[in-house]
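S.K.: Data file upload.txt (compact mmCIF, C-alpha atoms) is appended below.
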```
# COMPACT_ATOMS: atom_id res chain seq x y z
CA MET A 1 73.94 36.28 -13.08
CA LYS A 2 75.06 39.08 -10.78
CA ILE A 3 78.41 39.19 -9.07
CA ARG A 4 78.27 39.92 -5.37
CA ARG A 5 81.97 40.32 -4.70
CA VAL A 6 85.41 39.36 -5.91
CA ILE A 7 88.09 38.03 -3.57
CA VAL A 8 91.74 38.25 -4.55
CA ASN A 9 93.58 35.11 -3.47
CA GLN A 10 97.26 35.85 -4.01
CA ARG A 11 98.38 32.54 -2.48
CA LYS A 12 96.41 30.48 -5.01
CA ALA A 13 97.01 33.06 -7.74
CA GLN A 14 93.32 33.30 -8.49
CA LEU A 15 90.29 35.50 -8.15
CA GLU A 16 87.27 34.07 -6.39
CA VAL A 17 84.04 35.36 -7.83
CA VAL A 18 81.07 35.20 -5.49
CA VAL A 19 77.72 35.36 -7.32
CA ALA A 20 74.30 36.36 -6.00
CA ASN A 21 73.30 32.85 -4.85
CA GLY A 22 76.53 32.52 -2.87
CA THR A 23 78.36 30.17 -5.25
CA VAL A 24 82.07 30.85 -5.51
CA PHE A 25 83.76 30.44 -8.89
CA PRO A 26 87.55 30.51 -9.05
CA LEU A 27 89.33 32.16 -11.95
CA PRO A 28 93.13 31.81 -12.12
CA PHE A 29 95.28 34.83 -12.88
CA SER A 30 96.42 33.00 -16.03
CA GLN A 31 92.97 33.63 -17.54
CA LEU A 32 93.26 37.38 -17.09
CA SER A 33 94.53 39.97 -19.51
CA PRO A 34 96.38 42.07 -18.41
CA ARG A 35 97.80 39.26 -16.31
CA PRO A 36 98.84 39.88 -12.72
CA THR A 37 102.38 38.86 -11.83
CA SER A 38 104.41 38.77 -8.62
CA GLY A 39 105.77 42.19 -9.53
CA ASP A 40 102.42 43.60 -10.58
CA ARG A 41 99.77 42.28 -8.24
CA VAL A 42 96.03 42.87 -8.19
CA ARG A 43 95.38 46.04 -6.17
CA GLU A 44 91.60 45.74 -6.20
CA ALA A 45 88.80 43.83 -7.86
CA TYR A 46 85.14 44.78 -7.68
CA PRO A 47 81.79 44.03 -9.34
CA ASP A 48 81.37 46.69 -12.00
CA LYS A 49 78.13 48.62 -11.61
CA GLU A 50 78.54 50.10 -15.07
CA LEU A 51 78.37 46.55 -16.38
CA ALA A 52 75.29 45.69 -14.33
CA LYS A 53 77.46 43.73 -11.89
CA GLU A 54 77.58 41.01 -14.56
CA ALA A 55 81.29 41.66 -14.87
CA PHE A 56 84.07 42.65 -12.53
CA THR A 57 86.91 45.06 -13.00
CA TYR A 58 90.34 44.57 -11.48
CA VAL A 59 93.18 47.04 -11.17
CA LEU A 60 96.83 46.06 -11.00
CA GLU A 61 99.44 47.90 -8.97
CA SER A 62 100.83 49.33 -12.21
CA GLY A 63 97.48 50.96 -12.90
CA ALA A 64 96.52 48.59 -15.72
CA GLU A 65 92.96 47.43 -15.48
CA GLY A 66 90.83 44.75 -17.01
CA SER A 67 87.19 43.77 -17.00
CA VAL A 68 85.97 40.20 -17.04
CA HIS A 69 82.42 39.17 -17.79
CA ILE A 70 80.76 36.48 -15.71
CA ASP A 71 80.46 34.43 -18.94
CA VAL A 72 84.23 33.97 -18.87
CA VAL A 73 84.07 32.72 -15.30
CA LEU A 74 81.13 30.40 -16.02
CA GLU A 75 82.74 28.99 -19.12
CA TYR A 76 86.02 28.39 -17.32
CA ASN A 77 84.14 26.58 -14.55
CA GLN A 78 81.94 24.71 -17.07
CA ASP A 79 78.75 25.91 -15.40
CA PRO A 80 76.00 23.48 -16.56
CA HIS A 81 73.33 26.18 -17.00
CA ALA A 82 75.59 28.37 -19.08
CA MET A 83 76.69 25.42 -21.19
CA SER A 84 73.11 24.23 -21.91
CA GLU A 85 72.08 27.79 -22.81
CA LEU A 86 74.97 27.95 -25.21
CA LEU A 87 74.02 24.62 -26.80
CA LEU A 88 70.46 25.84 -27.30
CA TYR A 89 71.73 29.02 -28.90
CA GLN A 90 73.99 27.09 -31.27
CA LEU A 91 71.08 24.85 -32.31
CA THR A 92 68.98 27.95 -32.96
CA VAL A 93 71.67 29.40 -35.21
CA GLN A 94 71.79 26.10 -37.09
CA ALA A 95 68.01 26.02 -37.48
CA ARG A 96 67.94 29.59 -38.80
CA ASN A 97 70.65 28.79 -41.34
CA ARG A 98 68.87 25.62 -42.44
CA ILE A 99 65.60 27.45 -42.94
CA GLU A 100 67.33 29.91 -45.27
CA GLN A 101 68.80 27.01 -47.24
CA SER A 102 65.63 24.88 -47.32
CA GLY A 103 63.54 27.38 -49.26
CA LEU A 104 60.48 26.32 -47.25
CA SER A 105 58.11 28.99 -46.04
CA ARG A 106 57.84 29.49 -42.30
CA ARG A 107 54.15 28.73 -42.50
CA GLU A 108 54.93 25.35 -44.10
CA ILE A 109 57.58 24.58 -41.49
CA ALA A 110 55.12 25.45 -38.71
CA ARG A 111 52.53 23.16 -40.32
CA ARG A 112 54.99 20.27 -40.55
CA LEU A 113 56.07 20.86 -36.98
CA GLY A 114 52.42 20.87 -35.91
CA THR A 115 52.73 24.21 -34.22
CA SER A 116 51.66 27.79 -34.73
CA LEU A 117 53.59 30.45 -36.60
CA PRO A 118 54.19 32.57 -33.44
CA GLN A 119 55.58 29.48 -31.71
CA LEU A 120 57.93 28.89 -34.63
CA TYR A 121 59.13 32.49 -34.42
CA ARG A 122 59.69 32.01 -30.70
CA LEU A 123 61.81 28.95 -31.49
CA LEU A 124 63.83 30.90 -34.03
CA ASP A 125 64.40 33.84 -31.71
CA SER A 126 68.12 33.59 -30.95
CA ALA A 127 67.73 35.71 -27.82
CA ASN A 128 65.09 33.40 -26.34
CA SER A 129 66.78 31.01 -23.93
CA THR A 130 63.61 29.57 -22.39
CA LYS A 131 62.52 27.37 -25.30
CA SER A 132 62.84 23.64 -24.95
CA LEU A 133 65.61 21.54 -26.42
CA ASN A 134 62.98 18.98 -27.54
CA GLN A 135 61.21 21.49 -29.73
CA MET A 136 64.48 22.62 -31.21
CA ILE A 137 65.46 19.05 -32.11
CA SER A 138 62.01 18.48 -33.66
CA LEU A 139 62.45 21.63 -35.73
CA LEU A 140 65.83 20.49 -36.98
CA HIS A 141 64.33 17.12 -37.96
CA VAL A 142 61.58 18.90 -39.90
CA LEU A 143 64.33 20.79 -41.69
CA GLY A 144 65.90 17.54 -42.78
CA CYS A 145 68.75 17.53 -40.28
CA GLU A 146 69.95 14.62 -38.24
CA VAL A 147 70.75 15.64 -34.70
CA SER A 148 73.12 13.31 -32.95
CA VAL A 149 74.21 13.78 -29.40
CA VAL A 150 77.83 13.10 -28.60
CA VAL A 151 78.62 12.65 -24.95
CA LYS A 152 82.29 12.88 -24.17
CA ARG A 153 84.47 13.57 -21.23
CA ARG A 154 85.50 17.20 -21.24
CA LYS A 155 89.08 18.33 -21.03
CA ALA A 156 90.31 19.25 -17.59
CA ALA A 157 90.37 22.99 -16.94
CA ALA A 158 93.77 24.49 -17.75
CA MET B 1 103.00 46.74 -21.83
CA GLN B 2 103.30 45.30 -25.29
CA ALA B 3 103.51 47.46 -28.32
CA CYS B 4 100.54 47.52 -30.63
CA LEU B 5 100.24 48.92 -34.09
CA ALA B 6 96.93 50.33 -35.13
CA THR B 7 95.05 52.97 -37.00
CA HIS B 8 94.42 56.12 -35.07
CA ALA B 9 91.56 58.28 -36.23
CA VAL B 10 92.52 61.46 -34.43
CA CYS B 11 95.93 62.55 -35.64
CA ARG B 12 98.14 60.11 -37.40
CA PRO B 13 97.27 57.15 -39.57
CA GLN B 14 99.70 54.72 -37.92
CA LEU B 15 101.33 54.79 -34.53
CA VAL B 16 103.09 52.36 -32.27
CA VAL B 17 102.32 52.38 -28.58
CA PHE B 18 105.60 52.08 -26.77
CA ALA B 19 106.24 50.65 -23.35
CA CYS B 20 106.77 54.15 -21.96
CA CYS B 21 103.15 54.98 -22.75
CA GLY B 22 101.77 52.07 -20.78
CA PRO B 23 99.10 51.89 -18.14
CA ALA B 24 101.28 53.17 -15.33
CA ALA B 25 101.48 56.53 -17.01
CA PHE B 26 97.80 56.77 -17.95
CA GLN B 27 95.23 55.68 -15.49
CA THR B 28 92.10 57.64 -16.09
CA SER B 29 89.50 57.41 -18.78
CA ASP B 30 88.65 61.11 -18.30
CA ARG B 31 91.71 61.95 -20.30
CA CYS B 32 90.51 59.68 -23.08
CA ARG B 33 87.13 61.37 -23.19
CA ARG B 34 88.73 64.82 -23.27
CA LEU B 35 91.10 63.86 -26.05
CA ARG B 36 88.39 62.33 -28.17
CA SER B 37 86.47 65.62 -28.11
CA GLU B 38 89.45 67.61 -29.39
CA PRO B 39 89.73 68.44 -33.10
CA PRO B 40 91.92 66.19 -35.30
CA GLY B 41 95.56 67.20 -35.42
CA SER B 42 95.67 68.78 -31.99
CA CYS B 43 96.96 65.78 -30.05
CA SER B 44 100.56 65.29 -29.05
CA ARG B 45 102.35 62.04 -29.75
CA GLU B 46 101.92 61.07 -26.12
CA ASP B 47 98.20 61.77 -26.37
CA CYS B 48 97.94 59.60 -29.45
CA CYS B 49 99.77 56.80 -27.69
CA PHE B 50 97.43 57.11 -24.77
CA LEU B 51 94.36 56.94 -26.99
CA LEU B 52 95.70 53.89 -28.74
CA TRP B 53 96.61 52.23 -25.50
CA TYR B 54 93.19 53.01 -24.09
CA HIS B 55 91.41 51.85 -27.21
CA TYR B 56 93.22 48.55 -27.51
CA CYS B 57 94.14 47.59 -23.98
CA VAL B 58 91.13 48.64 -21.92
CA PRO B 59 88.43 46.07 -22.54
CA LYS B 60 85.54 48.41 -21.81
CA ILE B 61 84.84 50.65 -24.77
CA ARG B 62 82.58 53.64 -24.36
CA ARG B 63 80.78 54.98 -27.36
CA GLY B 64 77.47 56.68 -28.06
CA GLY B 65 76.41 56.44 -24.42
CA PHE B 66 76.92 52.67 -24.41
CA VAL B 67 79.60 50.54 -22.80
CA PHE B 68 80.89 47.63 -24.90
CA LEU B 69 82.65 44.65 -23.38
CA ALA B 70 83.96 42.20 -25.95
CA TRP B 71 85.04 38.65 -25.37
CA THR B 72 86.28 35.65 -27.31
CA GLY B 73 85.62 32.37 -25.58
CA ASP B 74 86.64 28.80 -26.18
CA HIS B 75 83.12 27.49 -26.63
CA SER B 76 80.83 30.37 -27.31
CA PRO B 77 80.96 32.47 -30.46
CA ARG B 78 82.77 35.80 -30.39
CA HIS B 79 80.40 38.25 -28.80
CA VAL B 80 80.08 41.68 -27.26
CA HIS B 81 77.99 42.80 -24.30
CA VAL B 82 76.43 46.24 -24.62
CA TYR B 83 75.38 48.12 -21.48
CA ARG B 84 73.66 51.40 -20.85
CA ASP B 85 72.97 53.03 -17.47
CA GLY B 86 74.12 49.90 -15.67
CA HIS B 87 71.81 47.56 -17.58
CA LEU B 88 72.50 44.99 -20.26
CA VAL B 89 71.01 46.12 -23.55
CA VAL B 90 72.16 43.28 -25.75
CA LYS B 91 74.63 40.42 -25.97
CA TRP B 92 75.55 40.38 -29.65
CA ASP B 93 77.05 37.43 -31.52
CA LEU B 94 79.78 38.83 -33.78
CA ASP B 95 80.19 35.60 -35.76
CA ASN B 96 76.56 35.02 -36.66
CA TRP B 97 75.49 38.64 -36.36
CA LEU B 98 72.54 37.83 -34.09
CA PRO B 99 71.41 38.87 -30.61
CA MET B 100 72.14 36.22 -27.98
CA LYS B 101 70.27 38.09 -25.28
CA GLY B 102 68.21 41.28 -25.32
CA LYS B 103 67.41 43.42 -28.33
CA ALA B 104 69.65 45.59 -30.45
CA SER B 105 68.52 48.82 -32.03
CA THR B 106 69.87 49.73 -35.46
CA ARG B 107 72.06 52.33 -33.73
CA ILE B 108 73.71 49.70 -31.55
CA VAL B 109 74.25 47.41 -34.54
CA ARG B 110 75.79 50.35 -36.41
CA LEU B 111 78.10 51.10 -33.48
CA ILE B 112 79.16 47.46 -33.22
CA LYS B 113 79.89 47.39 -36.94
CA GLN B 114 81.90 50.59 -36.61
CA LEU B 115 83.94 49.17 -33.73
CA GLN B 116 84.56 45.98 -35.66
CA GLU B 117 85.81 47.94 -38.66
CA GLU B 118 88.17 49.82 -36.37
CA GLY B 119 89.46 46.51 -35.05
CA ALA B 120 88.35 47.23 -31.51
CA LEU B 121 86.14 44.14 -31.26
```
Would you kindly transcribe this structure into structure tokens?

M.R.:
Amino acid sequence: MKIRRVIVNQRKAQLEVVVANGTVFPLPFSQLSPRPTSGDRVREAYPDKELAKEAFTYVLESGAEGSVHIDVVLEYNQDPHAMSELLLYQLTVQARNRIEQSGLSRREIARRLGTSLPQLYRLLDSANSTKSLNQMISLLHVLGCEVSVVVKRRKAAA
Amino acid sequence: MQACLATHAVCRPQLVVFACCGPAAFQTSDRCRRLRSEPPGSCSREDCCFLLWYHYCVPKIRRGGFVFLAWTGDHSPRHVHVYRDGHLVVKWDLDNWLPMKGKASTRIVRLIKQLQEEGAL
């Protein structure tokens, strides 16, 4: 997700991150390090081209600077896409660990899953975020895991 | 500016960065690049403080032509983003030692390991 611009809102003590699709995500100064204060305010904040505009850099009046990745902003705002991607990644890590422990060959796991070996490798690719959650749950079941979904109210943002 | 104690590879094994050597005094990364290219033992105490401050307090780390941006989140595992020429090369999970996005060459993995050993990530 690319950042289009960053607005400094001194009154609300927050940065407002505008992404490519126009959505605005707030990020309070309290989440920043170095942290802006009334005596050391944010002089400028801009999408960082060096970081593919996936992060922004801010400079304080003292000259201290910090860079914040969009992941921080999305996590703070509990962005649903980012959260589901993260869940999928965590399940993938679990599946990879379980495969190592199970001692089963990948070919055997693919057979039990009723899929092809390339498809299994695609499922186990930690960098692949387009696989389906269904397939991942099926894989974990094949590996002898019980996947239970816990739905709970999340804590309010600090 | 808080003091930090760390290992400095250039001149002295241990140094404390004092408040006087904070960001107000050192604003450019050019100085960091110049200092890093100098032979060991040639830096002044102020230079060493600057390098330490830069290394530990500036989140973007430049090494081997790559830019590293590390982050520890509440939900996601500890990870580092690696960029080159304004493009994301890899998002690397430091806890599970796996790519979360993109692909990492052995060189990048080596650099990440090196940075971790130095305590920069």

S.K.: Pick from A:Ile3, A:Ser30, A:Glu44, A:Ser126: nearest to Leu87 in chain A, with only C-alpha atoms counted?

M.R.: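 Closest residue, counting only C-alpha atoms: A:Ser126.
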
S.K.: Using all atoms listed in the file, what does the table of chain A residues within 10 Å of chain B look like, with each row giving the shortest atom pair and its distance in Å to one decimal, sorted by chain and ascending number, as CSV?

M.R.:
```
residue,atom,partner,partner_atom,distance
A:Ser33,CA,B:Cys57,CA,8.8
A:Pro34,CA,B:Cys57,CA,8.2
A:Asp48,CA,B:Gly86,CA,8.7
A:Lys49,CA,B:Gly86,CA,5.8
A:Glu50,CA,B:Gly86,CA,4.5
A:Leu51,CA,B:Gly86,CA,5.5
A:Ala52,CA,B:Gly86,CA,4.6
A:Lys53,CA,B:Gly86,CA,8.0
A:Glu54,CA,B:Leu88,CA,8.6
A:Ala55,CA,B:Leu69,CA,9.1
A:Thr57,CA,B:Lys60,CA,9.5
A:Val59,CA,B:Gln27,CA,9.9
A:Leu60,CA,B:Ala24,CA,9.4
A:Glu61,CA,B:Ala24,CA,8.5
A:Ser62,CA,B:Ala24,CA,5.0
A:Gly63,CA,B:Ala24,CA,5.0
A:Ala64,CA,B:Pro23,CA,4.8
A:Glu65,CA,B:Val58,CA,6.8
A:Gly66,CA,B:Pro59,CA,6.2
A:Ser67,CA,B:Pro59,CA,6.1
A:Val68,CA,B:Pro59,CA,8.4
A:His69,CA,B:Leu69,CA,7.8
A:Asp71,CA,B:Gly73,CA,8.7
A:Val72,CA,B:Gly73,CA,7.0
A:Glu75,CA,B:His75,CA,7.7
A:Tyr76,CA,B:Asp74,CA,8.9
A:Ala82,CA,B:Ser76,CA,10.0
A:Met83,CA,B:His75,CA,8.7
A:Glu85,CA,B:Met100,CA,9.9
A:Leu86,CA,B:Ser76,CA,6.7
A:Leu87,CA,B:Ser76,CA,8.9
A:Tyr89,CA,B:Met100,CA,7.3
A:Gln90,CA,B:Ser76,CA,8.6
A:Val93,CA,B:Asn96,CA,7.6
A:Asn97,CA,B:Asn96,CA,9.8
A:Asp125,CA,B:Pro99,CA,8.7
A:Ser126,CA,B:Met100,CA,5.6
A:Ala127,CA,B:Lys101,CA,4.3
A:Asn128,CA,B:Lys101,CA,7.1
A:Ser129,CA,B:Lys101,CA,8.0
```

S.K.: In Å, how far is it from CA of Gln135 in chain A to CA of Arg154 in chain A?

M.R.: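 So the two atoms, CA of Gln135 in chain A and CA of Arg154 in chain A, lie 26.1 Å apart.
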
S.K.: Output, as lines of an AutoDock Vina configuration file, the centre and edge lengths in Å (one decimal) of the axis-aligned box that contains all listed atoms of range 41-46 of chain A with 8 Å of margin on each side.

M.R.:
```
center_x = 92.5
center_y = 44.2
center_z = -7.2
size_x = 30.6
size_y = 19.8
size_z = 18.1
```

S.K.: Quick one: residues within 12 Å of Tyr121 in chain A, only C-alpha atoms counted, chain neighbours fewer than 2 positions away excluded, as a PDB file with C-alpha atoms, in the frame of the given file?

M.R.:
```
ATOM      1  CA  THR A  92      68.980  27.950 -32.960  1.00  0.00           C
ATOM      2  CA  ALA A  95      68.010  26.020 -37.480  1.00  0.00           C
ATOM      3  CA  ARG A  96      67.940  29.590 -38.800  1.00  0.00           C
ATOM      4  CA  ILE A  99      65.600  27.450 -42.940  1.00  0.00           C
ATOM      5  CA  ARG A 106      57.840  29.490 -42.300  1.00  0.00           C
ATOM      6  CA  ARG A 107      54.150  28.730 -42.500  1.00  0.00           C
ATOM      7  CA  ILE A 109      57.580  24.580 -41.490  1.00  0.00           C
ATOM      8  CA  ALA A 110      55.120  25.450 -38.710  1.00  0.00           C
ATOM      9  CA  THR A 115      52.730  24.210 -34.220  1.00  0.00           C
ATOM     10  CA  SER A 116      51.660  27.790 -34.730  1.00  0.00           C
ATOM     11  CA  LEU A 117      53.590  30.450 -36.600  1.00  0.00           C
ATOM     12  CA  PRO A 118      54.190  32.570 -33.440  1.00  0.00           C
ATOM     13  CA  GLN A 119      55.580  29.480 -31.710  1.00  0.00           C
ATOM     14  CA  LEU A 123      61.810  28.950 -31.490  1.00  0.00           C
ATOM     15  CA  LEU A 124      63.830  30.900 -34.030  1.00  0.00           C
ATOM     16  CA  ASP A 125      64.400  33.840 -31.710  1.00  0.00           C
ATOM     17  CA  SER A 126      68.120  33.590 -30.950  1.00  0.00           C
ATOM     18  CA  ALA A 127      67.730  35.710 -27.820  1.00  0.00           C
ATOM     19  CA  ASN A 128      65.090  33.400 -26.340  1.00  0.00           C
ATOM     20  CA  LYS A 131      62.520  27.370 -25.300  1.00  0.00           C
ATOM     21  CA  MET A 136      64.480  22.620 -31.210  1.00  0.00           C
ATOM     22  CA  LEU A 139      62.450  21.630 -35.730  1.00  0.00           C
TER      23      LEU A 139
END
```

S.K.: Quick one, how far is CA of His81 in chain A from CA of Val151 in chain A?

M.R.: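 Interatomic distance, CA of His81 in chain A to CA of Val151 in chain A: 16.6 Å.
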
S.K.: Do you have the CA of Tyr46 in chain A-CA of Leu74 in chain A distance handy?

M.R.: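 Interatomic distance, CA of Tyr46 in chain A to CA of Leu74 in chain A: 17.1 Å.
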
S.K.: For Phe25 in chain A, work out the shell of residues within 7 Å, counting all atoms listed in the file and skipping chain neighbours fewer than 6 positions away, then give it as a PyMOL selection string.

M.R.: chain A and resi 16-18+73+77

S.K.: For Ile137 in chain A, which residue among A:Arg112, A:Ser102, A:Ala13, A:Leu91 is the nearest when counting all atoms listed in the file?

M.R.: A:Leu91

S.K.: For range 120-135 of chain A, which lacks atoms in the input, supply N, CA and C atoms and format the output as a PDB file, keeping the file's coordinate frame.

M.R.:
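Once written, out_14.pdb looks like this:
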```pdb
ATOM      1  N   LEU A 120      56.741  29.116 -33.805  1.00  0.00           N
ATOM      2  CA  LEU A 120      57.930  28.890 -34.630  1.00  0.00           C
ATOM      3  C   LEU A 120      58.876  30.091 -34.510  1.00  0.00           C
ATOM      4  N   TYR A 121      58.303  31.283 -34.554  1.00  0.00           N
ATOM      5  CA  TYR A 121      59.130  32.490 -34.420  1.00  0.00           C
ATOM      6  C   TYR A 121      59.821  32.533 -33.050  1.00  0.00           C
ATOM      7  N   ARG A 122      59.114  32.053 -32.054  1.00  0.00           N
ATOM      8  CA  ARG A 122      59.690  32.010 -30.700  1.00  0.00           C
ATOM      9  C   ARG A 122      60.887  31.047 -30.677  1.00  0.00           C
ATOM     10  N   LEU A 123      60.712  29.937 -31.409  1.00  0.00           N
ATOM     11  CA  LEU A 123      61.810  28.950 -31.490  1.00  0.00           C
ATOM     12  C   LEU A 123      63.020  29.515 -32.228  1.00  0.00           C
ATOM     13  N   LEU A 124      62.739  30.358 -33.211  1.00  0.00           N
ATOM     14  CA  LEU A 124      63.830  30.900 -34.030  1.00  0.00           C
ATOM     15  C   LEU A 124      64.434  32.165 -33.452  1.00  0.00           C
ATOM     16  N   ASP A 125      63.868  32.633 -32.354  1.00  0.00           N
ATOM     17  CA  ASP A 125      64.400  33.840 -31.710  1.00  0.00           C
ATOM     18  C   ASP A 125      65.702  33.465 -30.994  1.00  0.00           C
ATOM     19  N   SER A 126      66.808  33.972 -31.507  1.00  0.00           N
ATOM     20  CA  SER A 126      68.120  33.590 -30.950  1.00  0.00           C
ATOM     21  C   SER A 126      68.308  34.106 -29.519  1.00  0.00           C
ATOM     22  N   ALA A 127      67.571  35.138 -29.160  1.00  0.00           N
ATOM     23  CA  ALA A 127      67.730  35.710 -27.820  1.00  0.00           C
ATOM     24  C   ALA A 127      66.830  35.024 -26.787  1.00  0.00           C
ATOM     25  N   ASN A 128      65.998  34.087 -27.253  1.00  0.00           N
ATOM     26  CA  ASN A 128      65.090  33.400 -26.340  1.00  0.00           C
ATOM     27  C   ASN A 128      65.771  32.144 -25.782  1.00  0.00           C
ATOM     28  N   SER A 129      66.064  32.156 -24.513  1.00  0.00           N
ATOM     29  CA  SER A 129      66.780  31.010 -23.930  1.00  0.00           C
ATOM     30  C   SER A 129      65.858  30.119 -23.110  1.00  0.00           C
ATOM     31  N   THR A 130      64.535  30.372 -23.208  1.00  0.00           N
ATOM     32  CA  THR A 130      63.610  29.570 -22.390  1.00  0.00           C
ATOM     33  C   THR A 130      62.901  28.480 -23.190  1.00  0.00           C
ATOM     34  N   LYS A 131      63.184  28.414 -24.494  1.00  0.00           N
ATOM     35  CA  LYS A 131      62.520  27.370 -25.300  1.00  0.00           C
ATOM     36  C   LYS A 131      63.114  25.998 -24.953  1.00  0.00           C
ATOM     37  N   SER A 132      62.364  24.964 -25.355  1.00  0.00           N
ATOM     38  CA  SER A 132      62.840  23.640 -24.950  1.00  0.00           C
ATOM     39  C   SER A 132      63.752  23.027 -26.008  1.00  0.00           C
ATOM     40  N   LEU A 133      64.654  22.221 -25.537  1.00  0.00           N
ATOM     41  CA  LEU A 133      65.610  21.540 -26.420  1.00  0.00           C
ATOM     42  C   LEU A 133      64.860  20.548 -27.319  1.00  0.00           C
ATOM     43  N   ASN A 134      63.798  19.935 -26.773  1.00  0.00           N
ATOM     44  CA  ASN A 134      62.980  18.980 -27.540  1.00  0.00           C
ATOM     45  C   ASN A 134      62.422  19.618 -28.789  1.00  0.00           C
ATOM     46  N   GLN A 135      61.823  20.796 -28.601  1.00  0.00           N
ATOM     47  CA  GLN A 135      61.210  21.490 -29.730  1.00  0.00           C
ATOM     48  C   GLN A 135      62.266  21.847 -30.778  1.00  0.00           C
TER      49      GLN A 135
END
```
